[in-house]
Structure formats: C-alpha cells, structure tokens
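Below is structure.cif, holding mmCIF, C-alpha atoms.
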```cif
data_protein
loop_
_atom_site.label_atom_id
_atom_site.label_comp_id
_atom_site.auth_asym_id
_atom_site.auth_seq_id
_atom_site.Cartn_x
_atom_site.Cartn_y
_atom_site.Cartn_z
CA MET K 17 99.98 73.06 112.55
CA SER K 18 100.82 76.70 111.82
CA ILE K 19 104.18 78.37 112.06
CA GLU K 20 104.84 81.61 113.94
CA ALA K 21 105.58 84.77 111.94
CA THR K 22 109.10 86.15 112.29
CA GLY K 23 108.91 89.08 109.88
CA ARG K 24 108.70 92.72 110.93
CA VAL K 25 106.76 95.53 109.33
CA VAL K 26 108.79 98.75 109.53
CA LYS K 27 107.27 102.12 108.67
CA THR K 28 109.36 104.20 106.25
CA ALA K 29 109.04 107.62 104.62
CA ARG K 30 107.74 105.88 101.51
CA GLY K 31 105.39 103.34 103.11
CA VAL K 32 106.48 100.16 104.87
CA ASP K 33 109.27 97.63 104.61
CA LEU K 34 108.61 93.98 105.23
CA VAL K 35 111.82 92.63 106.80
CA LEU K 36 112.60 88.94 107.33
CA VAL K 37 115.83 87.43 108.61
CA ARG K 38 117.11 83.88 108.27
CA SER K 39 120.29 82.24 109.51
CA LEU K 40 121.85 79.96 106.91
CA ALA K 41 124.21 77.17 107.92
CA LEU K 42 126.41 77.93 104.92
CA PRO K 43 129.52 79.99 104.23
CA ILE K 44 128.59 83.29 102.58
CA GLU K 45 129.76 82.31 99.06
CA GLU K 46 127.60 79.20 99.09
CA ALA K 47 124.66 81.12 100.54
CA TRP K 48 125.08 83.67 97.72
CA SER K 49 124.77 80.87 95.17
CA TYR K 50 121.32 80.00 96.57
CA LEU K 51 120.27 83.58 95.77
CA THR K 52 121.87 83.98 92.35
CA VAL K 53 122.49 80.64 90.57
CA SER K 54 119.45 79.36 88.66
CA ASP K 55 119.93 75.68 89.59
CA ARG K 56 120.07 76.68 93.26
CA THR K 57 117.18 79.19 93.20
CA ALA K 58 115.13 76.44 91.53
CA GLU K 59 115.38 74.43 94.75
CA TRP K 60 113.39 76.96 96.79
CA PHE K 61 112.00 79.79 94.68
CA GLY K 62 112.24 79.15 90.99
CA ALA K 63 114.65 78.76 88.11
CA TRP K 64 115.48 81.82 86.07
CA ASP K 65 116.98 82.73 82.73
CA GLY K 66 118.33 85.96 81.35
CA ASP K 67 121.06 88.41 82.31
CA GLY K 68 121.58 88.25 86.08
CA ARG K 69 124.12 91.07 86.21
CA THR K 70 123.45 94.58 87.46
CA GLY K 71 121.35 96.32 84.80
CA GLY K 72 120.19 93.04 83.29
CA SER K 73 116.79 91.38 83.51
CA VAL K 74 115.63 87.85 84.19
CA ARG K 75 112.50 85.79 83.87
CA ILE K 76 111.72 83.64 86.91
CA ARG K 77 109.57 80.51 86.70
CA MET K 78 108.11 80.28 90.19
CA ALA K 79 108.47 76.71 91.47
CA PHE K 80 105.40 76.72 93.71
CA GLU K 81 103.06 78.93 91.70
CA GLU K 82 102.99 76.84 88.55
CA ASP K 83 99.82 78.37 87.08
CA GLY K 84 101.11 81.93 87.17
CA PRO K 85 103.04 83.69 84.45
CA PRO K 86 106.82 84.00 84.73
CA VAL K 87 107.97 86.85 86.94
CA ARG K 88 110.08 89.41 85.14
CA ALA K 89 112.71 91.19 87.21
CA LYS K 90 115.21 93.96 86.53
CA ILE K 91 118.50 93.52 88.41
CA ILE K 92 119.19 96.84 90.13
CA ALA K 93 122.24 95.61 92.08
CA CYS K 94 124.14 92.33 92.15
CA GLU K 95 127.12 92.83 94.43
CA ALA K 96 128.52 89.42 95.31
CA PRO K 97 128.28 88.10 97.93
CA HIS K 98 126.47 90.76 99.94
CA HIS K 99 123.64 92.55 98.12
CA LEU K 100 121.01 91.69 95.51
CA GLU K 101 118.28 94.15 94.55
CA LEU K 102 115.58 93.48 92.00
CA HIS K 103 112.41 95.12 90.81
CA THR K 104 109.75 92.84 89.43
CA THR K 105 107.51 94.00 86.62
CA THR K 106 105.03 91.12 86.47
CA ASN K 107 102.87 92.37 89.33
CA ASP K 108 100.50 95.25 88.57
CA ASP K 109 102.59 97.77 90.48
CA GLY K 110 105.89 95.88 90.59
CA TRP K 111 107.79 94.78 93.67
CA GLU K 112 111.05 96.16 95.00
CA LEU K 113 113.09 93.50 96.78
CA GLU K 114 116.50 93.57 98.45
CA LEU K 115 118.52 90.71 99.90
CA PHE K 116 121.51 91.35 102.14
CA LEU K 117 123.98 88.64 103.18
CA GLU K 118 126.63 88.89 105.86
CA GLU K 119 128.98 86.42 107.46
CA ASP K 120 127.77 85.10 110.79
CA GLY K 121 130.80 83.32 112.16
CA GLU K 122 133.10 81.19 110.04
CA ASP K 123 130.61 78.84 108.41
CA ASP K 124 127.24 80.59 108.69
CA SER K 125 125.53 83.48 106.95
CA LEU K 126 122.75 85.85 107.89
CA LEU K 127 120.19 86.77 105.24
CA ARG K 128 118.10 89.91 105.61
CA PHE K 129 115.28 90.09 103.07
CA VAL K 130 113.48 93.41 102.54
CA HIS K 131 110.33 93.96 100.48
CA HIS K 132 109.73 97.71 100.05
CA LEU K 133 106.00 98.50 99.90
CA ASP K 134 104.17 101.76 99.23
CA SER K 135 101.58 100.82 101.85
CA GLY K 136 100.78 98.01 104.24
CA ASP K 137 97.51 97.11 102.51
CA ALA K 138 98.71 93.71 101.27
CA VAL K 139 101.20 92.85 104.02
CA GLY K 140 98.80 90.25 105.46
CA ASP K 141 99.05 88.33 102.19
CA ILE K 142 102.65 89.09 101.24
CA GLY K 143 104.26 88.44 104.64
CA PRO K 144 103.16 84.82 104.96
CA GLY K 145 104.29 84.17 101.38
CA TRP K 146 107.82 85.39 102.02
CA GLU K 147 107.99 83.48 105.33
CA TYR K 148 107.09 80.37 103.34
CA TYR K 149 109.65 80.96 100.59
CA LEU K 150 112.46 81.74 103.02
CA ASP K 151 111.66 78.59 104.96
CA LEU K 152 111.83 76.71 101.64
CA LEU K 153 115.33 78.19 101.29
CA ILE K 154 116.26 76.79 104.71
CA ALA K 155 114.85 73.38 103.75
CA ALA K 156 116.85 73.43 100.50
CA THR K 157 120.11 74.39 102.20
CA GLU K 158 119.69 71.88 105.03
CA GLY K 159 118.14 69.03 103.03
CA THR K 160 115.06 68.92 105.26
CA GLU K 161 111.39 68.47 104.44
CA GLN K 162 109.70 71.38 102.69
CA PRO K 163 106.94 73.11 104.64
CA SER K 164 103.39 73.39 103.33
CA PHE K 165 101.97 76.81 102.42
CA ASP K 166 98.88 75.94 104.50
CA GLN K 167 101.08 76.29 107.61
CA TYR K 168 101.59 79.99 106.76
CA TYR K 169 98.47 81.34 105.17
CA PRO K 170 95.99 82.54 106.30
CA SER K 171 97.03 81.82 109.91
CA MET K 172 99.99 84.23 109.79
CA SER K 173 98.18 87.17 108.17
CA GLU K 174 97.04 88.86 111.37
CA ALA K 175 100.57 88.82 112.80
CA PHE K 176 101.66 91.09 109.95
CA LEU K 177 98.56 93.28 109.85
CA SER K 178 98.74 93.93 113.59
CA GLN K 179 102.18 95.51 113.18
CA LEU K 180 100.73 98.35 111.12
CA GLY K 181 99.37 99.88 114.33
#
```

Encoded form using structure tokens:
Amino acid sequence: MSIEATGRVVKTARGVDLVLVRSLALPIEEAWSYLTVSDRTAEWFGAWDGDGRTGGSVRIRMAFEEDGPPVRAKIIACEAPHHLELHTTTNDDGWELELFLEEDGEDDSLLRFVHHLDSGDAVGDIGPGWEYYLDLLIAATEGTEQPSFDQYYPSMSEAFLSQLG
C-alpha cells in the first residue's frame, strides 16, 4: 500500500523549494527536542555528535541508511524553539534545509520543513525520502508503527515531478 504525497514544490528565484508540513501532537518545546537532541533525532532520523549551536557542525549517522557515510552538516541557525537551518556537506552539492516550528494550539506544534534546491531535477527522489522521514518523526512522537520506505518510493515520485509544470 502506498501513501499519498503531501509535499509541495514551490518555484523560487533560485530554483525550487520542497515544502512539507506535519502536525505534531506535542508542545513546541518537546517538538523542538525531536529536532535538536541527539537521543530524540535518533528515533526518526539519526543520532548526531558535534557542536549543535549556530556556527557549529555535526556529524549525523543516518538511522535508515546504514551503509552510507555519516552526513556532515553546518548549523546555520539554531533558534530555539522555532528555527533550525543546516547545510549538509556530505552530498556532492550539499543540501540546504530549514525547519520551522510554531505553536498550534496549547499542546500541538506545526512543523514546516523546507529543502532549498537549485533545480527540480531530483525532486522525484528527494520528495518521497523526506515524506518518509517526517512520517518516521510522527511515528516516534506518537509511539506508532514505523512506515516502510517501499510505501513512498517510487510510487510517490511522479506526484513531485508533476508539480514542476
């Protein structure tokens, strides 16, 4: 069974932004910990070590891509509990990622994830991957069963590519 894509591809002056939104059934401070505390990020994305402050750098051991090398990331902004920006250097051209958190009522938070891309060439591969990881975040925060990557890729690819118009 496949899962429906929720992400949007937004054209920008630079290229495209891949934007995904998730509602977290957590107060904002606790939601922030799932984005910035290594033991919590390990539950859905990967554990990290290094200097997680603005200007620092970290090495992330991806939990579900065990054969790959650690991802290195420079912390551009870490403004608790609302904004995290990082630039990875492991990929050939690097990735620029931003995560925005806002309160959504008293006990919930809204996460907006943005992956800035120079072009939409790889959005059919990248989009399903981020849908998967953000759904792993939901599973971690709610204590539910983790989804399988096969539910996302390749079935979701066309939903992202078709947004390039």

Residues selected by the PyMOL selection byres ((chain K and resi 114-123) around 6), written as a PyMOL selection string: chain K and resi 42-44+98-101+113+124-130

Selection result of the PyMOL selection byres ((chain K and resi 60) around 7) on this file, as a ChimeraX atom specification: /K:57-59,61-62,149,152-153,156

Explicit residues for the PyMOL selection byres ((chain K and resi 174) around 12) (as a list in words): Glu20, Ala21, Gly23, Val25, Ala138, Val139, Gly140, Asp141, Ile142, Gly143, Pro144, Tyr168, Tyr169, Pro170, Ser171, Met172, Ser173, Ala175, Phe176, Leu177, Ser178, Gln179, Leu180 and Gly181 of chain K

Nearest candidate to K:Tyr148 (options K:Arg69, K:Lys90, K:Arg38, K:Arg77; using all atoms listed in the file):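 With all atoms listed in the file as the atom set, the closest residue is K:Arg38.
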
Atom CA of K:Trp48 to atom CA of K:Ala96, straight-line distance in Å: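 The value is 7.1 Å.
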
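Atom CA of K:Asp109 is found 15.3 Å from atom CA of K:Pro85.
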